[in-house]
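K.L.:
Handing you this structure, nothing more for now.
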Amino acid sequence: MNAFRFDDWDNAPVTPSQPRITPPTFSASAQTMSDDPSAPRPAPVNPMDKRVINGQADINQLAPFRYPWAWEFFLNANRNHWTPLEISMAQDVHDYHHRLTPAERHVFENVLAYLTTSDILAMRNIGLAVMEKMSAPELQIYQARQVYEEAMHTWAYQHCIESIGLDQQEIYNRYRVVPEIHGKIVLANQRLERVMRSDFDLRNRDNLHEFALSYLFFAGIFEGCWFYNGFSPIFALQRRGLMKGAAEQLQYIMRDEVMHCAFGIRVVHQLLQEENLQLDPHRLRELWDEAEAAETDYAGYILREPILGYSATLHVDQFRFIANRRARQLGLDEPFPGAQNMLPWLDEQANLRKEKNFFETRVTEYQTGGALNWD
């Protein structure tokens with residue numbers, strides 16, 4: 001067994017091993033059993049009949065697996081289990097009220113304001129727009145875990161807000177009244193609403209292309225770039241010994257998001273291969289350009305005054321570098337050629353080993369995903 005690092009998922013390209021198959025015609029009879037005892041019984045499930053979308057196998061039968069890697073994601077996500085209450089926020093209360101500058105409080109509050117809404121949006125995307133369209137249960141099971149994790153991330157932000165004593169109504173409404181935060185949410189909602197329609201037929205090739213672009217946006221950009229890069233202002237405070245409890249919450253969240261991104265990219269690869277689908281390069285360029293513009297506006301607002309060791313320019317440059325990484329993982333051209341890694345310490349945040357007795361009350365060692373082993 002080799003030690004598993006979360007950046008193994010974060011950096012490595014994903015190439016599905018399954019051969020390309022002609023898309024089958026979906027048959028409801030493959031999914032249901034007639035009440036008539038004399039009716040023919042459904043045939044046993046053949047795993048090669050499973051597909052990401054529009055599969056013929058029984059959606060209620062987990063095994064045999066067509067996508068064993070999806071089950072491994074589920075198992076590893078459960079080994080990485082944590083809850084916000086396991087992390088003390090006592091020092092953060094003192095830091096926020098007595099050590100942070102006004103510019104640093106502005107950064108901290110607005111990062112939280114963006115994240116509180118974003119994780120609920122991510123939860124809705126997986127639970128309402130993606131999971132119910134998957135036709136292989138091993139894919140759905142990991143996504144069910146992902147829905148739970150997005151809810152837990154929202155709990156973590158709420159725990160930070162409550163612990164520090166911030167005005168909840170004011171913080172939670174910033175995404176509605178601050179244009180630079182609102183812009184990112186609007187862009188994500190547009191991608192979500194396009195594929196949530198009840199009449200969205202994925203047997204239509206144009207709709208299937210739209211779904212693939214939407215899933216790519218949420219996995220590769222929303223979670224893979226905006227979330228991954230979005231925690232870095234708090235990590236910059238942590239590196240100076242400030243807001244360490246909140247930063248530790250974000251470290252656990254970042255580990256989850258690395259898995260969400262890696263899983264989503266793998267599903268997109270699989271979908272494109274199975275359906276012999278080519279993504280429109282002009283639509284892809286639009287995705288990257290919209291995401292960069294929204295991130296630039298956001299960075300300009302939250303870092304309108306640079307804090308020690310961190311600035312809006314640095315934040316946007318790092319977004320471009322991470323975007324290139326996601327594009328390579330997707331087998332696409334880099335959208336921002338030449339972008340440099342401005343925060344070489346950022347990847348470390350997904351791999352720090354966590355072993356502690358929280359609040360000095362636990363008598364057993366607690367380990368999360370950074371200590372996982374991987375075959």
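Here, A, B, ... name the chains of the structure tokens in the order displayed, residue numbers run from 1 inside each chain, and ligands are numbered from 1 in the same displayed order.
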Counting only C-alpha atoms, what is within 7 Å of Lys244 in chain A, bar same-chain residues fewer than 4 positions away, as a PyMOL selection string?
P.N.:
chain A and resi 92+238+248
K.L.:
Include C-alpha atoms and write out the residues we just selected as a PDB file, in the first residue's frame.
P.N.:
ATOM      1  CA  ASP A  92     -10.244  32.876  16.290  1.00  0.00           C
ATOM      2  CA  GLN A 238      -3.243  31.105   8.952  1.00  0.00           C
ATOM      3  CA  GLU A 248      -8.406  24.267   9.709  1.00  0.00           C
TER       4      GLU A 248
END
K.L.:
Which residues of range 123-239 of chain A sit at most 9 Å from range 318-336 of chain A, using only C-alpha atoms? Give each one's shortest atom pair and distance in Å (one decimal place), in chain and ascending residue order, as JSON lines.
P.N.:
{"residue": "A:Leu216", "atom": "CA", "partner": "A:Leu330", "partner_atom": "CA", "distance": 8.7}
{"residue": "A:Gly220", "atom": "CA", "partner": "A:Arg326", "partner_atom": "CA", "distance": 5.9}
{"residue": "A:Ile221", "atom": "CA", "partner": "A:Ala323", "partner_atom": "CA", "distance": 7.1}
{"residue": "A:Gly224", "atom": "CA", "partner": "A:Arg326", "partner_atom": "CA", "distance": 7.0}
{"residue": "A:Cys225", "atom": "CA", "partner": "A:Ile322", "partner_atom": "CA", "distance": 6.0}
{"residue": "A:Trp226", "atom": "CA", "partner": "A:Phe319", "partner_atom": "CA", "distance": 7.4}
{"residue": "A:Tyr228", "atom": "CA", "partner": "A:Ile322", "partner_atom": "CA", "distance": 8.3}
{"residue": "A:Asn229", "atom": "CA", "partner": "A:Phe319", "partner_atom": "CA", "distance": 6.1}
{"residue": "A:Gly230", "atom": "CA", "partner": "A:Phe319", "partner_atom": "CA", "distance": 8.7}
K.L.:
List every residue of range 202-288 of chain A that has an atom at most 10 Å from any atom of range 141-159 of chain A, giving for each one its closest atom pair and the distance in Å to one decimal, counting only C-alpha atoms, sorted by chain and then by ascending residue number, as a Markdown table.
P.N.:
| residue | atom | partner | partner_atom | distance |
| --- | --- | --- | --- | --- |
| A:Ala246 | CA | A:Tyr157 | CA | 8.3 |
| A:Gln249 | CA | A:Ala156 | CA | 6.6 |
| A:Leu250 | CA | A:Ala156 | CA | 8.4 |
| A:Tyr252 | CA | A:His153 | CA | 9.0 |
| A:Ile253 | CA | A:His153 | CA | 6.4 |
| A:Met254 | CA | A:His153 | CA | 9.7 |
| A:Asp256 | CA | A:Glu149 | CA | 7.3 |
| A:Glu257 | CA | A:Glu150 | CA | 9.0 |
| A:Met259 | CA | A:Gln146 | CA | 9.1 |
| A:His260 | CA | A:Gln146 | CA | 7.0 |
| A:Phe263 | CA | A:Tyr142 | CA | 8.8 |
| A:Gly264 | CA | A:Gln143 | CA | 9.5 |
K.L.:
By how many Å are CA of Arg124 in chain A and CA of Asp289 in chain A apart?
P.N.:
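That distance, rounded to one decimal, is 24.1 Å.
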K.L.:
Hey, which of A:Val195, A:Leu85, A:Leu202, A:Val107 ends up closest to Arg304 in chain A? Count only C-alpha atoms.
P.N.:
A:Val107
K.L.:
In range 82-149 of chain A, what's helix (DSSP H, G or I) per DSSP? Answer as a count of residues only?
P.N.:
57
K.L.:
When distances are computed from only C-alpha atoms, which of A:Asn54, A:Ser88, A:Thr83, A:Thr116 shows the smallest separation from Lys133 in chain A?
P.N.:
A:Asn54
K.L.:
Between A:Met342, A:Leu187, A:Leu271, A:Ile171, single out the one closest to Tyr67 in chain A, counting only C-alpha atoms.
P.N.:
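Closest to Tyr67 in chain A of all the choices is A:Leu271.
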